[in-house]
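K.L.:
Sharing start-v2.pdb, PDB, N, CA and C atoms:
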```
ATOM      1  N   MET G   1       0.844  -1.177   0.000
ATOM      2  CA  MET G   1       0.000   0.000   0.000
ATOM      3  C   MET G   1       0.889   1.240   0.000
ATOM      4  N   ASP G   2       0.786   2.037  -1.026
ATOM      5  CA  ASP G   2       1.566   3.261  -1.134
ATOM      6  C   ASP G   2       0.721   4.449  -0.687
ATOM      7  N   VAL G   3       1.254   5.178   0.290
ATOM      8  CA  VAL G   3       0.566   6.355   0.809
ATOM      9  C   VAL G   3       1.378   7.580   0.403
ATOM     10  N   PRO G   4       0.737   8.582  -0.204
ATOM     11  CA  PRO G   4       1.484   9.797  -0.561
ATOM     12  C   PRO G   4       2.021  10.492   0.691
ATOM     13  N   LEU G   5       3.176  11.113   0.535
ATOM     14  CA  LEU G   5       3.826  11.791   1.662
ATOM     15  C   LEU G   5       2.943  12.888   2.231
ATOM     16  N   TRP G   6       2.298  13.670   1.380
ATOM     17  CA  TRP G   6       1.464  14.768   1.878
ATOM     18  C   TRP G   6       0.317  14.239   2.721
ATOM     19  N   PHE G   7      -0.246  13.083   2.345
ATOM     20  CA  PHE G   7      -1.342  12.512   3.117
ATOM     21  C   PHE G   7      -0.857  11.998   4.471
ATOM     22  N   ALA G   8       0.302  11.352   4.478
ATOM     23  CA  ALA G   8       0.865  10.858   5.732
ATOM     24  C   ALA G   8       1.188  12.018   6.676
ATOM     25  N   LEU G   9       1.715  13.119   6.147
ATOM     26  CA  LEU G   9       2.028  14.280   6.975
ATOM     27  C   LEU G   9       0.769  14.913   7.554
ATOM     28  N   ILE G  10      -0.285  14.955   6.774
ATOM     29  CA  ILE G  10      -1.549  15.502   7.286
ATOM     30  C   ILE G  10      -2.079  14.640   8.424
ATOM     31  N   ILE G  11      -2.042  13.330   8.265
ATOM     32  CA  ILE G  11      -2.540  12.423   9.301
ATOM     33  C   ILE G  11      -1.695  12.529  10.563
ATOM     34  N   VAL G  12      -0.372  12.529  10.429
ATOM     35  CA  VAL G  12       0.511  12.638  11.597
ATOM     36  C   VAL G  12       0.326  13.984  12.285
ATOM     37  N   GLY G  13       0.198  15.050  11.502
ATOM     38  CA  GLY G  13      -0.032  16.370  12.086
ATOM     39  C   GLY G  13      -1.356  16.458  12.813
ATOM     40  N   TRP G  14      -2.389  15.898  12.224
ATOM     41  CA  TRP G  14      -3.715  15.915  12.854
ATOM     42  C   TRP G  14      -3.704  15.123  14.163
ATOM     43  N   LEU G  15      -3.069  13.942  14.142
ATOM     44  CA  LEU G  15      -2.986  13.135  15.368
ATOM     45  C   LEU G  15      -2.161  13.842  16.442
ATOM     46  N   GLY G  16      -1.070  14.491  16.025
ATOM     47  CA  GLY G  16      -0.250  15.221  16.991
ATOM     48  C   GLY G  16      -1.002  16.364  17.641
ATOM     49  N   ILE G  17      -1.780  17.081  16.853
ATOM     50  CA  ILE G  17      -2.545  18.201  17.407
ATOM     51  C   ILE G  17      -3.656  17.686  18.317
ATOM     52  N   LYS G  18      -4.301  16.596  17.935
ATOM     53  CA  LYS G  18      -5.394  16.049  18.749
ATOM     54  C   LYS G  18      -4.870  15.427  20.048
ATOM     55  N   LEU G  19      -3.735  14.721  19.991
ATOM     56  CA  LEU G  19      -3.250  14.002  21.165
ATOM     57  C   LEU G  19      -2.418  14.870  22.104
ATOM     58  N   ILE G  20      -1.557  15.703  21.542
ATOM     59  CA  ILE G  20      -0.642  16.494  22.377
ATOM     60  C   ILE G  20      -1.252  17.844  22.739
ATOM     61  N   ARG G  21      -2.106  18.381  21.880
ATOM     62  CA  ARG G  21      -2.769  19.684  22.070
ATOM     63  C   ARG G  21      -1.780  20.833  22.309
ATOM     64  N   PRO G  22      -0.864  21.070  21.343
ATOM     65  CA  PRO G  22       0.031  22.220  21.489
ATOM     66  C   PRO G  22      -0.747  23.510  21.240
ATOM     67  N   PRO G  23      -0.234  24.634  21.739
ATOM     68  CA  PRO G  23      -0.901  25.913  21.448
ATOM     69  C   PRO G  23      -0.882  26.205  19.950
ATOM     70  N   LEU G  24      -1.904  26.870  19.478
ATOM     71  CA  LEU G  24      -2.019  27.155  18.047
ATOM     72  C   LEU G  24      -0.874  28.032  17.550
ATOM     73  N   TRP G  25      -0.389  28.950  18.386
ATOM     74  CA  TRP G  25       0.706  29.816  17.963
ATOM     75  C   TRP G  25       1.976  28.993  17.738
ATOM     76  N   LEU G  26       2.175  27.928  18.523
ATOM     77  CA  LEU G  26       3.360  27.077  18.356
ATOM     78  C   LEU G  26       3.286  26.310  17.039
ATOM     79  N   VAL G  27       2.116  25.838  16.692
ATOM     80  CA  VAL G  27       1.940  25.146  15.409
ATOM     81  C   VAL G  27       2.224  26.105  14.262
ATOM     82  N   ALA G  28       1.717  27.331  14.351
ATOM     83  CA  ALA G  28       1.934  28.326  13.299
ATOM     84  C   ALA G  28       3.410  28.690  13.176
ATOM     85  N   VAL G  29       4.095  28.843  14.307
ATOM     86  CA  VAL G  29       5.525  29.185  14.272
ATOM     87  C   VAL G  29       6.335  28.052  13.658
ATOM     88  N   LEU G  30       6.024  26.808  14.001
ATOM     89  CA  LEU G  30       6.754  25.675  13.426
ATOM     90  C   LEU G  30       6.515  25.552  11.927
ATOM     91  N   LEU G  31       5.270  25.745  11.488
ATOM     92  CA  LEU G  31       4.981  25.673  10.058
ATOM     93  C   LEU G  31       5.667  26.797   9.289
ATOM     94  N   LEU G  32       5.563  28.014   9.802
ATOM     95  CA  LEU G  32       6.186  29.150   9.132
ATOM     96  C   LEU G  32       7.706  29.041   9.158
ATOM     97  N   GLY G  33       8.250  28.624  10.294
ATOM     98  CA  GLY G  33       9.702  28.453  10.397
ATOM     99  C   GLY G  33      10.223  27.383   9.453
ATOM    100  N   GLY G  34       9.506  26.272   9.333
ATOM    101  CA  GLY G  34       9.915  25.222   8.401
ATOM    102  C   GLY G  34       9.850  25.681   6.960
ATOM    103  N   TYR G  35       8.818  26.437   6.636
ATOM    104  CA  TYR G  35       8.688  26.962   5.271
ATOM    105  C   TYR G  35       9.824  27.935   4.954
ATOM    106  N   LEU G  36      10.109  28.837   5.885
ATOM    107  CA  LEU G  36      11.176  29.813   5.645
ATOM    108  C   LEU G  36      12.551  29.156   5.627
ATOM    109  N   LEU G  37      12.756  28.161   6.464
ATOM    110  CA  LEU G  37      14.034  27.452   6.494
ATOM    111  C   LEU G  37      14.262  26.682   5.201
ATOM    112  N   ALA G  38      13.227  26.079   4.658
ATOM    113  CA  ALA G  38      13.358  25.317   3.421
ATOM    114  C   ALA G  38      13.657  26.223   2.232
ATOM    115  N   ASP G  39      13.291  27.489   2.326
ATOM    116  CA  ASP G  39      13.497  28.420   1.216
ATOM    117  C   ASP G  39      14.758  29.270   1.404
ATOM    118  N   SER G  40      15.571  28.944   2.407
ATOM    119  CA  SER G  40      16.769  29.744   2.670
ATOM    120  C   SER G  40      18.019  29.039   2.127
ATOM    121  N   LEU G  41      19.182  29.514   2.542
ATOM    122  CA  LEU G  41      20.443  28.908   2.118
ATOM    123  C   LEU G  41      20.890  27.772   3.039
ATOM    124  N   LEU G  42      20.143  27.504   4.085
ATOM    125  CA  LEU G  42      20.560  26.517   5.092
ATOM    126  C   LEU G  42      20.306  25.049   4.732
ATOM    127  N   PRO G  43      19.373  24.683   3.884
ATOM    128  CA  PRO G  43      19.122  23.256   3.642
ATOM    129  C   PRO G  43      20.356  22.451   3.213
ATOM    130  N   PRO G  44      21.248  22.968   2.329
ATOM    131  CA  PRO G  44      22.434  22.155   2.019
ATOM    132  C   PRO G  44      23.338  21.934   3.242
ATOM    133  N   ALA G  45      23.450  22.924   4.092
ATOM    134  CA  ALA G  45      24.267  22.768   5.293
ATOM    135  C   ALA G  45      23.644  21.774   6.264
ATOM    136  N   ILE G  46      22.344  21.825   6.394
ATOM    137  CA  ILE G  46      21.647  20.887   7.275
ATOM    138  C   ILE G  46      21.746  19.476   6.710
ATOM    139  N   ASP G  47      21.649  19.346   5.389
ATOM    140  CA  ASP G  47      21.724  18.044   4.751
ATOM    141  C   ASP G  47      23.080  17.385   4.982
ATOM    142  N   THR G  48      24.158  18.150   4.854
ATOM    143  CA  THR G  48      25.493  17.569   5.079
ATOM    144  C   THR G  48      25.711  17.283   6.570
ATOM    145  N   ALA G  49      25.124  18.081   7.455
ATOM    146  CA  ALA G  49      25.282  17.822   8.886
ATOM    147  C   ALA G  49      24.516  16.568   9.305
ATOM    148  N   VAL G  50      23.382  16.312   8.676
ATOM    149  CA  VAL G  50      22.596  15.132   9.032
ATOM    150  C   VAL G  50      23.245  13.859   8.485
ATOM    151  N   LYS G  51      23.836  13.959   7.308
ATOM    152  CA  LYS G  51      24.479  12.786   6.715
ATOM    153  C   LYS G  51      25.810  12.591   7.380
TER     154      LYS G  51
END
```
Any chance you could give the structure as structure tokens?
P.N.:
Amino acid sequence: MDVPLWFALIIVGWLGIKLIRPPLWLVAVLLLGGYLLADSLLPPAIDTAVK
């Protein structure tokens, strides 16, 4: 069974919000921060640090 990545992320995010109940501002900051980080010059540096 192949599940698209976007669908799996939506399900995991929904379960995390329902089970852990983080504040809405924290969810917004993490989403915005991830979006801005992915569009910056840091992803190649993070990629080499993780590998």
K.L.:
Between CA of Leu42 in chain G and CA of Val29 in chain G, measure the distance and give it in Å to one decimal.
P.N.:
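Distance between the two atoms: 17.8 Å.
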K.L.:
Mind the document's chain letters and residue numbers, and return as number ranges by chain the residues of chain G that DSSP labels helix (DSSP H, G or I).
P.N.:
G: 5-20, 24-38, 43-50
K.L.:
So how far away is CA of Gly13 in chain G from atom C of Leu31 in chain G, in Å?
P.N.:
12.2 Å
K.L.:
Please report, as JSON, the centre and edge lengths in Å to one decimal of an axis-aligned box covering all listed atoms of range 28-41 of chain G with 8 Å per side.
P.N.:
```
{"center_x": 11.3, "center_y": 27.5, "center_z": 7.8, "size_x": 35.2, "size_y": 20.6, "size_z": 29.1}
```
K.L.:
Go ahead and compute the interatomic distance for CA of Leu37 in chain G and CA of Trp6 in chain G, in Å to one decimal.
P.N.:
18.4 Å
